>>> print(open('final.cif').read())   # mmCIF, C-alpha atoms and all ligand atoms
data_query
#
loop_
_atom_site.label_atom_id
_atom_site.label_comp_id
_atom_site.auth_asym_id
_atom_site.auth_seq_id
_atom_site.Cartn_x
_atom_site.Cartn_y
_atom_site.Cartn_z
CA MET A 1 -3.33 -7.45 -22.14
CA ASN A 2 -0.49 -7.51 -19.64
CA MET A 3 1.69 -4.42 -19.76
CA ILE A 4 4.30 -6.09 -17.58
CA GLU A 5 4.82 -9.77 -16.96
CA LEU A 6 7.49 -11.40 -14.84
CA LYS A 7 8.05 -15.14 -15.06
CA GLN A 8 10.04 -16.76 -12.26
CA VAL A 9 12.21 -13.68 -11.90
CA SER A 10 14.75 -13.68 -9.07
CA ARG A 11 17.74 -11.61 -7.98
CA ARG A 12 20.51 -12.59 -5.61
CA TYR A 13 23.23 -10.43 -4.12
CA GLY A 14 25.72 -12.99 -2.87
CA ALA A 15 23.96 -14.80 -0.05
CA VAL A 16 21.03 -12.34 -0.01
CA GLU A 17 18.01 -13.36 -2.02
CA ALA A 18 16.63 -9.86 -2.66
CA ILE A 19 13.88 -11.35 -4.87
CA ALA A 20 12.91 -15.02 -4.66
CA PRO A 21 11.64 -16.48 -7.96
CA LEU A 22 8.26 -14.82 -8.51
CA ASP A 23 5.52 -14.41 -11.09
CA PHE A 24 3.83 -11.09 -11.32
CA SER A 25 1.91 -9.04 -13.86
CA VAL A 26 0.42 -5.58 -14.36
CA LYS A 27 -2.44 -5.04 -16.81
CA GLN A 28 -2.53 -2.19 -19.28
CA GLY A 29 -3.90 0.97 -17.65
CA GLU A 30 -3.68 -0.40 -14.12
CA PHE A 31 -2.30 1.41 -11.07
CA VAL A 32 -0.39 -1.17 -9.05
CA THR A 33 1.56 -0.56 -5.84
CA LEU A 34 4.43 -2.60 -4.46
CA LEU A 35 4.03 -2.33 -0.70
CA GLY A 36 6.25 -3.84 1.97
CA PRO A 37 8.66 -3.14 4.82
CA SER A 38 12.18 -1.82 4.31
CA GLY A 39 14.38 -4.41 2.62
CA SER A 40 11.48 -6.50 1.27
CA GLY A 41 12.70 -6.11 -2.34
CA LYS A 42 10.45 -3.36 -3.74
CA THR A 43 13.17 -1.22 -5.30
CA THR A 44 14.97 -4.30 -6.61
CA LEU A 45 11.78 -5.44 -8.35
CA LEU A 46 11.25 -2.01 -9.89
CA ASN A 47 14.88 -1.82 -11.02
CA LEU A 48 14.60 -5.26 -12.61
CA ILE A 49 11.69 -3.98 -14.71
CA ALA A 50 13.49 -0.72 -15.53
CA GLY A 51 16.62 -2.63 -16.53
CA MET A 52 18.90 -1.02 -13.92
CA VAL A 53 19.41 -4.46 -12.34
CA SER A 54 19.58 -7.73 -14.26
CA PRO A 55 17.78 -10.82 -12.98
CA SER A 56 19.59 -13.90 -11.66
CA SER A 57 16.88 -15.99 -13.32
CA GLY A 58 13.59 -15.64 -15.18
CA GLN A 59 12.14 -13.51 -17.94
CA ILE A 60 10.57 -10.04 -18.08
CA PHE A 61 8.03 -9.05 -20.74
CA VAL A 62 6.67 -5.60 -21.55
CA ARG A 63 3.62 -5.72 -23.86
CA GLY A 64 4.44 -9.33 -24.59
CA VAL A 65 7.99 -8.57 -25.77
CA ASP A 66 10.85 -10.24 -23.91
CA ILE A 67 12.99 -7.35 -22.62
CA THR A 68 14.97 -9.37 -20.07
CA ASN A 69 18.28 -8.37 -21.63
CA ALA A 70 17.29 -5.08 -23.29
CA PRO A 71 19.12 -1.90 -22.19
CA PRO A 72 17.07 0.48 -19.98
CA SER A 73 16.84 3.21 -22.63
CA SER A 74 15.16 0.89 -25.13
CA ARG A 75 12.38 -0.20 -22.76
CA GLY A 76 10.21 2.89 -23.28
CA LEU A 77 9.51 3.34 -19.56
CA GLY A 78 9.33 6.52 -17.54
CA MET A 79 10.78 6.58 -14.06
CA VAL A 80 10.16 9.00 -11.16
CA PHE A 81 12.43 8.75 -8.13
CA GLN A 82 12.24 9.91 -4.54
CA ASN A 83 14.94 12.55 -5.03
CA TYR A 84 13.59 14.64 -7.83
CA ALA A 85 16.69 14.27 -10.05
CA LEU A 86 16.03 17.56 -11.85
CA MET A 87 19.02 19.24 -13.43
CA PRO A 88 19.74 22.21 -11.12
CA HIS A 89 21.37 24.54 -13.66
CA MET A 90 18.49 24.24 -16.15
CA THR A 91 15.14 26.03 -16.01
CA VAL A 92 11.95 24.07 -15.51
CA PHE A 93 11.23 24.47 -19.22
CA ASP A 94 14.61 23.03 -20.22
CA ASN A 95 14.32 20.20 -17.70
CA ILE A 96 11.01 19.10 -19.18
CA ALA A 97 12.09 19.75 -22.77
CA PHE A 98 15.23 17.66 -22.31
CA PRO A 99 13.78 14.22 -23.17
CA LEU A 100 12.01 15.76 -26.21
CA ARG A 101 15.22 17.39 -27.50
CA VAL A 102 16.96 14.06 -27.09
CA ARG A 103 14.21 12.67 -29.33
CA LYS A 104 14.82 15.54 -31.82
CA MET A 105 11.30 16.93 -31.72
CA PRO A 106 10.66 20.22 -33.60
CA LYS A 107 10.95 23.38 -31.43
CA ASP A 108 7.31 24.51 -31.79
CA GLU A 109 6.03 21.13 -30.79
CA ILE A 110 8.37 21.04 -27.78
CA ARG A 111 7.05 24.43 -26.63
CA ARG A 112 3.46 23.26 -26.96
CA LYS A 113 4.08 19.94 -25.19
CA VAL A 114 5.93 21.52 -22.26
CA LYS A 115 3.10 24.04 -21.82
CA ASP A 116 0.54 21.22 -21.90
CA VAL A 117 2.23 19.12 -19.23
CA LEU A 118 2.85 22.11 -16.97
CA ASP A 119 -0.88 22.85 -17.18
CA MET A 120 -1.57 19.22 -16.44
CA VAL A 121 0.46 19.24 -13.21
CA ARG A 122 -1.10 22.65 -12.42
CA LEU A 123 2.09 24.70 -12.60
CA PRO A 124 1.43 26.92 -15.62
CA ASP A 125 3.60 29.89 -14.61
CA ILE A 126 6.95 28.53 -13.52
CA ALA A 127 8.65 27.49 -16.77
CA ALA A 128 11.41 30.10 -16.40
CA ARG A 129 12.38 29.19 -12.85
CA LYS A 130 15.23 26.99 -11.68
CA PRO A 131 14.45 23.91 -9.55
CA LYS A 132 15.89 25.51 -6.39
CA GLU A 133 13.29 28.27 -6.68
CA LEU A 134 10.50 25.72 -6.22
CA SER A 135 9.04 23.97 -3.19
CA GLY A 136 9.52 20.22 -2.73
CA GLY A 137 6.02 19.45 -3.98
CA GLN A 138 6.47 21.68 -7.03
CA GLN A 139 9.78 19.99 -7.87
CA GLN A 140 8.05 16.63 -7.54
CA ARG A 141 5.36 17.75 -9.97
CA VAL A 142 8.01 18.97 -12.43
CA SER A 143 9.71 15.56 -12.36
CA LEU A 144 6.33 13.99 -13.01
CA ALA A 145 5.79 16.41 -15.90
CA ARG A 146 9.21 15.54 -17.32
CA CYS A 147 8.23 11.90 -17.18
CA ILE A 148 4.79 12.18 -18.80
CA VAL A 149 5.89 14.65 -21.50
CA TYR A 150 7.08 11.92 -23.86
CA ASN A 151 3.98 9.73 -23.37
CA PRO A 152 5.56 6.62 -21.92
CA ALA A 153 3.13 3.68 -21.85
CA LEU A 154 4.38 2.76 -18.40
CA ILE A 155 5.67 4.82 -15.49
CA LEU A 156 7.60 3.36 -12.56
CA LEU A 157 7.52 5.42 -9.38
CA ASP A 158 9.94 4.62 -6.52
CA GLU A 159 8.64 6.34 -3.37
CA PRO A 160 8.36 9.66 -5.21
CA LEU A 161 6.39 11.24 -2.37
CA GLY A 162 8.58 10.07 0.49
CA ALA A 163 10.21 13.44 1.11
CA LEU A 164 6.98 15.43 1.25
CA ASP A 165 4.97 16.38 4.31
CA LYS A 166 1.66 14.58 4.92
CA LYS A 167 -0.60 17.24 3.44
CA LEU A 168 1.48 17.71 0.29
CA ARG A 169 1.83 13.97 -0.07
CA GLU A 170 -1.94 13.53 -0.03
CA GLN A 171 -2.34 16.30 -2.61
CA MET A 172 0.24 14.67 -4.87
CA GLN A 173 -1.42 11.28 -4.46
CA LEU A 174 -4.65 12.78 -5.81
CA GLU A 175 -2.71 14.52 -8.58
CA ILE A 176 -1.04 11.30 -9.69
CA ARG A 177 -4.35 9.41 -9.58
CA ARG A 178 -5.96 12.15 -11.68
CA LEU A 179 -3.18 11.99 -14.26
CA HIS A 180 -3.41 8.22 -14.29
CA ALA A 181 -7.15 8.40 -15.04
CA GLN A 182 -6.74 11.20 -17.58
CA LEU A 183 -3.81 9.77 -19.54
CA GLY A 184 -4.47 6.06 -19.18
CA ILE A 185 -0.78 5.40 -18.45
CA THR A 186 0.02 2.17 -16.63
CA MET A 187 1.69 2.98 -13.31
CA LEU A 188 3.71 0.83 -10.94
CA ASN A 189 4.34 2.62 -7.67
CA VAL A 190 6.54 1.66 -4.72
CA THR A 191 5.80 2.65 -1.16
CA HIS A 192 6.08 1.43 2.41
CA ASP A 193 3.18 3.70 3.40
CA GLN A 194 0.02 1.58 3.73
CA ASP A 195 -2.32 4.59 3.54
CA GLU A 196 -0.77 5.65 0.25
CA ALA A 197 -1.10 2.11 -1.13
CA LEU A 198 -4.72 1.81 0.03
CA SER A 199 -5.81 5.18 -1.33
CA MET A 200 -4.09 5.08 -4.74
CA SER A 201 -4.02 1.54 -6.05
CA ASP A 202 -6.22 -0.67 -8.19
CA ARG A 203 -4.16 -3.56 -6.84
CA ILE A 204 -1.52 -3.93 -4.15
CA VAL A 205 1.36 -6.38 -4.29
CA LEU A 206 2.34 -6.94 -0.68
CA MET A 207 6.00 -7.96 -0.38
CA ASN A 208 7.80 -9.63 2.50
CA GLN A 209 11.45 -10.72 2.45
CA GLY A 210 11.75 -10.86 -1.35
CA ARG A 211 8.50 -12.77 -1.77
CA VAL A 212 4.99 -11.80 -2.79
CA GLU A 213 2.84 -12.22 0.31
CA GLN A 214 -0.50 -11.37 -1.31
CA VAL A 215 -1.82 -9.61 -4.41
CA ALA A 216 -5.25 -8.05 -3.96
CA SER A 217 -7.35 -4.91 -4.29
CA PRO A 218 -6.99 -2.53 -1.31
CA ASP A 219 -10.42 -3.51 -0.03
CA GLU A 220 -9.78 -7.23 -0.31
CA LEU A 221 -6.36 -6.94 1.32
CA TYR A 222 -7.89 -5.19 4.32
CA ARG A 223 -10.95 -7.43 4.58
CA SER A 224 -9.44 -10.78 3.68
CA PRO A 225 -5.73 -10.85 4.42
CA ARG A 226 -4.40 -14.33 3.79
CA THR A 227 -1.61 -14.28 6.36
CA ALA A 228 -0.95 -12.80 9.77
CA PHE A 229 1.78 -10.66 8.16
CA ALA A 230 -0.73 -9.19 5.70
CA ALA A 231 -3.30 -8.68 8.47
CA SER A 232 -0.87 -6.71 10.63
CA PHE A 233 0.80 -4.76 7.81
CA ILE A 234 -2.50 -3.29 6.60
CA GLY A 235 -4.33 -1.53 9.41
CA THR A 236 -4.40 -2.70 13.02
CA ALA A 237 -5.05 -6.36 13.73
CA ASN A 238 -6.10 -8.20 16.88
CA LEU A 239 -4.66 -11.67 16.28
CA ILE A 240 -5.70 -14.55 18.53
CA SER A 241 -3.95 -17.92 18.26
CA GLY A 242 -6.01 -21.07 18.48
CA THR A 243 -6.75 -24.61 17.33
CA VAL A 244 -9.72 -25.65 15.22
CA GLN A 245 -12.13 -27.62 17.42
CA ASP A 246 -15.11 -28.13 15.11
CA ASN A 247 -15.53 -27.27 11.45
CA ALA A 248 -18.93 -28.87 10.80
CA GLY A 249 -21.39 -26.07 11.61
CA GLU A 250 -22.16 -22.67 10.12
CA HIS A 251 -19.23 -21.22 12.02
CA THR A 252 -15.94 -22.90 12.69
CA VAL A 253 -15.26 -23.23 16.41
CA VAL A 254 -11.74 -22.41 17.52
CA SER A 255 -10.25 -23.13 20.91
CA THR A 256 -8.33 -20.05 22.14
CA PRO A 257 -7.04 -18.53 25.39
CA LEU A 258 -10.36 -16.62 25.43
CA GLY A 259 -12.36 -19.86 25.34
CA LEU A 260 -14.19 -21.40 22.37
CA LEU A 261 -14.79 -18.77 19.68
CA PRO A 262 -17.09 -19.09 16.65
CA ALA A 263 -15.24 -17.80 13.59
CA THR A 264 -15.56 -17.45 9.83
CA MET A 265 -13.38 -18.87 7.11
CA ARG A 266 -13.48 -16.46 4.13
CA SER A 267 -12.15 -18.91 1.60
CA GLY A 268 -10.88 -22.48 1.53
CA VAL A 269 -11.33 -25.12 4.20
CA VAL A 270 -9.57 -25.78 7.46
CA SER A 271 -9.29 -29.14 9.17
CA ARG A 272 -9.90 -30.03 12.79
CA GLY A 273 -6.84 -29.67 14.95
CA ALA A 274 -5.24 -27.10 12.61
CA ALA A 275 -3.32 -24.26 14.26
CA VAL A 276 -4.81 -20.95 13.10
CA LYS A 277 -4.89 -17.28 13.94
CA LEU A 278 -8.11 -15.34 14.31
CA LEU A 279 -8.30 -11.77 13.08
CA VAL A 280 -10.65 -9.27 14.68
CA ARG A 281 -10.32 -5.69 13.42
CA PRO A 282 -10.53 -2.98 16.14
CA GLU A 283 -13.62 -1.40 14.57
CA SER A 284 -15.50 -4.73 14.77
CA VAL A 285 -15.19 -4.93 18.55
CA ARG A 286 -18.03 -3.60 20.68
CA MET A 287 -17.10 -2.36 24.13
CA THR A 288 -19.67 -2.02 26.89
CA CYS A 289 -19.42 -1.03 30.50
CA ALA A 290 -19.36 -4.14 32.71
CA LEU A 291 -21.10 -2.30 35.54
CA HIS A 292 -24.12 -1.50 33.35
CA SER A 293 -24.64 -5.06 32.15
CA PRO A 294 -23.88 -7.22 35.17
CA ASP A 295 -26.08 -10.14 34.11
CA VAL A 296 -24.18 -11.01 30.98
CA ASP A 297 -22.81 -14.50 30.94
CA THR A 298 -19.13 -14.09 30.17
CA ALA A 299 -18.57 -17.83 30.58
CA SER A 300 -20.29 -18.46 27.22
CA GLY A 301 -17.13 -17.18 25.59
CA LEU A 302 -19.03 -14.60 23.58
CA ARG A 303 -18.41 -11.66 25.87
CA HIS A 304 -14.99 -11.08 27.28
CA ALA A 305 -14.34 -9.28 30.53
CA GLY A 306 -11.38 -6.95 30.69
CA THR A 307 -9.94 -3.74 32.03
CA LEU A 308 -9.60 -0.51 30.09
CA GLU A 309 -5.91 0.40 30.03
CA ASP A 310 -6.09 3.62 28.03
CA SER A 311 -8.02 5.55 25.40
CA ILE A 312 -6.42 7.65 22.66
CA THR A 313 -8.30 10.11 20.47
CA LEU A 314 -7.06 10.02 16.86
CA GLY A 315 -9.04 12.78 15.16
CA SER A 316 -12.41 11.28 14.28
CA VAL A 317 -11.89 7.94 16.02
CA VAL A 318 -11.07 6.83 19.55
CA ARG A 319 -8.83 3.86 20.16
CA HIS A 320 -9.01 1.88 23.41
CA HIS A 321 -6.58 -0.70 24.76
CA VAL A 322 -8.27 -3.38 26.83
CA ARG A 323 -6.48 -6.04 28.88
CA LEU A 324 -8.52 -9.25 29.06
CA ALA A 325 -8.60 -11.64 31.99
CA CYS A 326 -6.31 -14.06 30.06
CA ASP A 327 -3.79 -11.16 29.85
CA MET A 328 -4.28 -10.62 26.11
CA GLN A 329 -4.49 -7.03 24.90
CA ILE A 330 -7.29 -6.14 22.47
CA VAL A 331 -7.48 -2.86 20.54
CA VAL A 332 -10.98 -1.39 20.15
CA GLN A 333 -11.81 1.47 17.81
CA GLN A 334 -14.95 3.58 18.01
CA GLN A 335 -16.19 6.52 15.97
CA GLY A 336 -15.49 9.65 17.98
CA ASN A 337 -18.77 11.30 17.07
CA ARG A 338 -20.94 8.45 18.32
CA ARG A 339 -22.16 8.69 21.88
CA GLN A 340 -19.34 7.05 23.70
CA ILE A 341 -19.02 5.44 27.02
CA THR A 342 -16.37 7.54 28.58
CA GLN A 343 -14.51 5.27 30.90
CA GLU A 344 -11.84 5.82 33.44
CA ARG A 345 -8.59 4.01 33.10
CA GLY A 346 -8.92 0.74 35.00
CA ALA A 347 -12.70 0.52 34.44
CA PRO A 348 -14.16 -2.99 33.96
CA VAL A 349 -15.48 -3.48 30.41
CA LEU A 350 -16.96 -6.24 28.27
CA LEU A 351 -15.97 -6.88 24.67
CA ASP A 352 -17.84 -8.77 22.01
CA TRP A 353 -17.92 -9.16 18.23
CA LEU A 354 -19.86 -11.03 15.58
CA PRO A 355 -18.57 -14.43 14.41
CA GLU A 356 -18.60 -12.92 10.88
CA ASP A 357 -16.04 -10.35 12.05
CA CYS A 358 -13.77 -13.00 13.53
CA GLN A 359 -11.84 -14.31 10.59
CA ILE A 360 -9.70 -17.42 10.37
CA ILE A 361 -6.21 -16.92 9.03
CA LEU A 362 -3.98 -19.90 8.54
CA GLN A 363 -0.97 -19.83 10.82
CA ASP A 364 2.11 -18.38 9.08
N1 LIG A 401 23.33 -3.60 -4.70
C1 LIG A 401 23.04 -4.42 -3.67
N2 LIG A 401 23.99 -5.20 -3.12
C2 LIG A 401 23.72 -6.04 -2.10
N3 LIG A 401 22.50 -6.16 -1.53
C3 LIG A 401 21.51 -5.40 -2.02
C4 LIG A 401 21.72 -4.49 -3.11
N4 LIG A 401 20.53 -3.87 -3.38
C5 LIG A 401 19.65 -4.38 -2.50
N5 LIG A 401 20.21 -5.30 -1.69
C6 LIG A 401 19.54 -6.07 -0.63
O1 LIG A 401 18.36 -6.63 -1.16
C7 LIG A 401 17.28 -6.55 -0.25
C8 LIG A 401 16.11 -5.79 -0.89
O2 LIG A 401 16.48 -4.42 -1.07
P1 LIG A 401 15.52 -3.33 -1.74
O3 LIG A 401 16.31 -2.09 -1.95
O4 LIG A 401 14.87 -3.93 -2.93
O5 LIG A 401 14.44 -3.13 -0.59
P2 LIG A 401 13.21 -2.12 -0.50
O6 LIG A 401 12.00 -2.96 -0.28
O7 LIG A 401 13.20 -1.18 -1.63
O8 LIG A 401 13.51 -1.35 0.87
P3 LIG A 401 13.30 0.22 1.27
O9 LIG A 401 11.84 0.35 1.68
O10 LIG A 401 14.20 0.37 2.46
O11 LIG A 401 13.67 1.08 0.12
C9 LIG A 401 17.83 -5.88 1.00
O12 LIG A 401 18.17 -6.89 1.92
C10 LIG A 401 19.07 -5.17 0.49
O13 LIG A 401 20.03 -5.06 1.51
MG MG A 402 13.45 0.96 -1.83
#
>>> encode(input="final.cif", output="structure tokens")
Amino acid sequence: MNMIELKQVSRRYGAVEAIAPLDFSVKQGEFVTLLGPSGSGKTTLLNLIAGMVSPSSGQIFVRGVDITNAPPSSRGLGMVFQNYALMPHMTVFDNIAFPLRVRKMPKDEIRRKVKDVLDMVRLPDIAARKPKELSGGQQQRVSLARCIVYNPALILLDEPLGALDKKLREQMQLEIRRLHAQLGITMLNVTHDQDEALSMSDRIVLMNQGRVEQVASPDELYRSPRTAFAASFIGTANLISGTVQDNAGEHTVVSTPLGLLPATMRSGVVSRGAAVKLLVRPESVRMTCALHSPDVDTASGLRHAGTLEDSITLGSVVRHHVRLACDMQIVVQQQGNRRQITQERGAPVLLDWLPEDCQIILQD
């Protein structure tokens, strides 16, 4: 069953189309992330579902019920924001108990529930403290506790981890995933951090200028991006423009500034003469020293001569920038622990990759 369903929902602000008419759904128990650059409409979409913003067109359903015009408080959703929004003059206990008191729950039950959720977010001993006596990550966990304490079927999270440092953010990501698995709550999360989206989500909704660019699992989005935008937003992408020369054989042959390249179409068909982009991920490129393999025929178009411009070590991987003879720059990534060819800047190198790792993306 769909927990959330949007049918042709749009939102305009004067001339700005913050959300173009879109269809979109989240299944019960799913963890879905809205990912996209600043201004792409993520918060607007979340606020439409929460009822803080009303749509210019379309209908919104939660568990099959049309809630398009229902007030926010009647939608039964929990919301966690970037700024923790805890009440500063109240203790942690009172902050978490607040939504239960509003619901007129008996005192004993409130005490038990608050204790349970504080255990759940692994903060058993801080009920008597005020928010300002907690670290940022602890405050974030308290706001999460306040949200889950009344068992909402659906939680909306708008960049709740944005203010935390990298380490704390990663810890909280695991914490939220654990709670999601443990409680079976449907979660819709917003972020512009691709790593967060990739590590937390069952599905990612990639947004671009108020439109849905692609909806896919993290793995599929990385491996089979449908557009150049998707390819460059998730991970690093070498994109090579070209024209389809021959689509009859096992591999499609594309005419590019690097010569004729055999490439793979993951889904669909592409006609001769079509303008396309080719995607080669940095980790799919093999780099060899040109001086050690002088006999290689670079004219075949399968090995490309270039010059190493620089190499950067990023923890466990090394990233190289190579300038090819046609002046295109290609990024190459190698595992740092593998025996590497250590090359001087300016060294001549050869690059190659498998046709399977050279993927055709239709031109945007
Ligand atoms: N109340 C408003 N009035 C006018 N324009 C708005 C309003 N709210 C949002 N917009 C515009 O709608 C577009 C989408 O904004 P939104 O806040 O949804 O983006 P976002 O993806 O959440 O971005 P960010 O990552 O920066 O939070 C932007 O162009 C924004 O300027
Ligand atoms: Mg936003």
>>> residues_around(input="final.cif", residues="A:Thr227", least_positions_apart="3", cutoff="12 Å", atoms="only C-alpha atoms", output="PDB file with C-alpha atoms, in the coordinates of the input")
ATOM      1  CA  LEU A 206       2.340  -6.940  -0.680  1.00  0.00           C
ATOM      2  CA  MET A 207       6.000  -7.960  -0.380  1.00  0.00           C
ATOM      3  CA  ASN A 208       7.800  -9.630   2.500  1.00  0.00           C
ATOM      4  CA  VAL A 212       4.990 -11.800  -2.790  1.00  0.00           C
ATOM      5  CA  GLU A 213       2.840 -12.220   0.310  1.00  0.00           C
ATOM      6  CA  GLN A 214      -0.500 -11.370  -1.310  1.00  0.00           C
ATOM      7  CA  VAL A 215      -1.820  -9.610  -4.410  1.00  0.00           C
ATOM      8  CA  LEU A 221      -6.360  -6.940   1.320  1.00  0.00           C
ATOM      9  CA  TYR A 222      -7.890  -5.190   4.320  1.00  0.00           C
ATOM     10  CA  ARG A 223     -10.950  -7.430   4.580  1.00  0.00           C
ATOM     11  CA  SER A 224      -9.440 -10.780   3.680  1.00  0.00           C
ATOM     12  CA  ALA A 230      -0.730  -9.190   5.700  1.00  0.00           C
ATOM     13  CA  ALA A 231      -3.300  -8.680   8.470  1.00  0.00           C
ATOM     14  CA  SER A 232      -0.870  -6.710  10.630  1.00  0.00           C
ATOM     15  CA  PHE A 233       0.800  -4.760   7.810  1.00  0.00           C
ATOM     16  CA  ILE A 234      -2.500  -3.290   6.600  1.00  0.00           C
ATOM     17  CA  ALA A 237      -5.050  -6.360  13.730  1.00  0.00           C
ATOM     18  CA  LEU A 239      -4.660 -11.670  16.280  1.00  0.00           C
ATOM     19  CA  VAL A 276      -4.810 -20.950  13.100  1.00  0.00           C
ATOM     20  CA  LYS A 277      -4.890 -17.280  13.940  1.00  0.00           C
ATOM     21  CA  LEU A 278      -8.110 -15.340  14.310  1.00  0.00           C
ATOM     22  CA  LEU A 279      -8.300 -11.770  13.080  1.00  0.00           C
ATOM     23  CA  GLN A 359     -11.840 -14.310  10.590  1.00  0.00           C
ATOM     24  CA  ILE A 360      -9.700 -17.420  10.370  1.00  0.00           C
ATOM     25  CA  ILE A 361      -6.210 -16.920   9.030  1.00  0.00           C
ATOM     26  CA  LEU A 362      -3.980 -19.900   8.540  1.00  0.00           C
ATOM     27  CA  GLN A 363      -0.970 -19.830  10.820  1.00  0.00           C
ATOM     28  CA  ASP A 364       2.110 -18.380   9.080  1.00  0.00           C
TER      29      ASP A 364
END
>>> residues_near_point(input="final.cif", point="(-19.2, -9.4, 22.9)", cutoff="7 Å", atoms="only C-alpha atoms", output="list of chain:residue names")
A:Arg286, A:Leu302, A:Arg303, A:His304, A:Leu350, A:Leu351, A:Asp352, A:Trp353
>>> residues_around(input="final.cif", residues="A:Ile330", least_positions_apart="2", cutoff="8 Å", atoms="all atoms listed in the file", output="number ranges by chain")
A: 238, 282, 321-324, 328, 332
>>> closest_atom_pairs(input="final.cif", of="chain A", to="ligand MG 402 (chain A)", cutoff="12 Å", atoms="only C-alpha atoms and all ligand atoms", output="Markdown table")
| residue | atom | partner | partner_atom | distance |
| --- | --- | --- | --- | --- |
| A:Ala18 | CA | A:MG402 | MG | 11.3 |
| A:Leu34 | CA | A:MG402 | MG | 10.0 |
| A:Leu35 | CA | A:MG402 | MG | 10.0 |
| A:Gly36 | CA | A:MG402 | MG | 9.5 |
| A:Pro37 | CA | A:MG402 | MG | 9.2 |
| A:Ser38 | CA | A:MG402 | MG | 6.9 |
| A:Gly39 | CA | A:MG402 | MG | 7.0 |
| A:Ser40 | CA | A:MG402 | MG | 8.3 |
| A:Gly41 | CA | A:MG402 | MG | 7.1 |
| A:Lys42 | CA | A:MG402 | MG | 5.6 |
| A:Thr43 | CA | A:MG402 | MG | 4.1 |
| A:Thr44 | CA | A:MG402 | MG | 7.3 |
| A:Leu45 | CA | A:MG402 | MG | 9.3 |
| A:Leu46 | CA | A:MG402 | MG | 8.9 |
| A:Asn47 | CA | A:MG402 | MG | 9.7 |
| A:Phe81 | CA | A:MG402 | MG | 10.1 |
| A:Gln82 | CA | A:MG402 | MG | 9.4 |
| A:Leu157 | CA | A:MG402 | MG | 10.6 |
| A:Asp158 | CA | A:MG402 | MG | 6.9 |
| A:Glu159 | CA | A:MG402 | MG | 7.4 |
| A:Pro160 | CA | A:MG402 | MG | 10.6 |
| A:Gly162 | CA | A:MG402 | MG | 10.6 |
| A:Asn189 | CA | A:MG402 | MG | 10.9 |
| A:Val190 | CA | A:MG402 | MG | 7.5 |
| A:Thr191 | CA | A:MG402 | MG | 7.9 |
| A:His192 | CA | A:MG402 | MG | 8.5 |
| A:Asp193 | CA | A:MG402 | MG | 11.8 |
| A:Met207 | CA | A:MG402 | MG | 11.7 |
| A:Gly210 | CA | A:MG402 | MG | 12.0 |
>>> closest_residue(input="final.cif", among="A:Arg12, A:Lys115, A:Lys7, A:Arg226", to="ligand LIG 401 (chain A)", atoms="all atoms listed in the file")
A:Arg12
>>> residues_around(input="final.cif", residues="A:Leu188", least_positions_apart="4", cutoff="10 Å", atoms="all atoms listed in the file", output="NGL selection string")
:A and (4 or 26 or 30-34 or 46 or 79 or 154-158 or 201 or 203-204)
>>> closest_residue(input="final.cif", among="A:Gly136, A:Phe93, A:Val53, A:Thr186", to="A:Gly78", atoms="all atoms listed in the file")
A:Thr186
>>> closest_residue(input="final.cif", among="A:Leu144, A:Leu179, A:Leu174, A:Leu198", to="A:Ser217", atoms="only C-alpha atoms")
A:Leu198
>>> atom_distance(input="final.cif", atom1="atom CA of A:Ile96", atom2="atom CA of A:Ala127")
9.0 Å
>>> residues_around(input="final.cif", residues="A:Gln28", least_positions_apart="6", cutoff="9 Å", atoms="all atoms listed in the file", output="mmCIF file with C-alpha atoms, in the frame of the given file")
data_model
loop_
_atom_site.group_PDB
_atom_site.id
_atom_site.type_symbol
_atom_site.label_atom_id
_atom_site.label_comp_id
_atom_site.auth_asym_id
_atom_site.auth_seq_id
_atom_site.Cartn_x
_atom_site.Cartn_y
_atom_site.Cartn_z
ATOM 1 C CA MET A 1 -3.330 -7.450 -22.140
ATOM 2 C CA ASN A 2 -0.490 -7.510 -19.640
ATOM 3 C CA MET A 3 1.690 -4.420 -19.760
ATOM 4 C CA ILE A 4 4.300 -6.090 -17.580
ATOM 5 C CA ARG A 63 3.620 -5.720 -23.860
ATOM 6 C CA ALA A 153 3.130 3.680 -21.850
ATOM 7 C CA LEU A 154 4.380 2.760 -18.400
ATOM 8 C CA GLY A 184 -4.470 6.060 -19.180
ATOM 9 C CA ILE A 185 -0.780 5.400 -18.450
ATOM 10 C CA THR A 186 0.020 2.170 -16.630
ATOM 11 C CA MET A 187 1.690 2.980 -13.310
#
>>> atom_distance(input="final.cif", atom1="atom CA of A:Val254", atom2="atom CA of A:Arg266")
14.8 Å
>>> closest_residue(input="final.cif", among="A:Ser316, A:Ser271, A:Ser10, A:Thr264", to="ligand LIG 401 (chain A)", atoms="all atoms listed in the file")
A:Ser10
>>> closest_residue(input="final.cif", among="A:Ala216, A:Ala128, A:Met105, A:Ala15", to="ligand LIG 401 (chain A)", atoms="only C-alpha atoms and all ligand atoms")
A:Ala15
>>> atom_distance(input="final.cif", atom1="atom CA of A:Gln59", atom2="atom CA of A:Glu5")
8.3 Å
>>> residues_near_point(input="final.cif", point="(16.7, -0.4, -17.4)", cutoff="12 Å", atoms="all atoms listed in the file", output="MDAnalysis selection string")
chainID A and resid 44:55 60 67:79 156
>>> residues_around(input="final.cif", residues="A:Leu291", least_positions_apart="6", cutoff="9 Å", atoms="only C-alpha atoms", output="list in words")
Ala347, Pro348 and Val349 of chain A
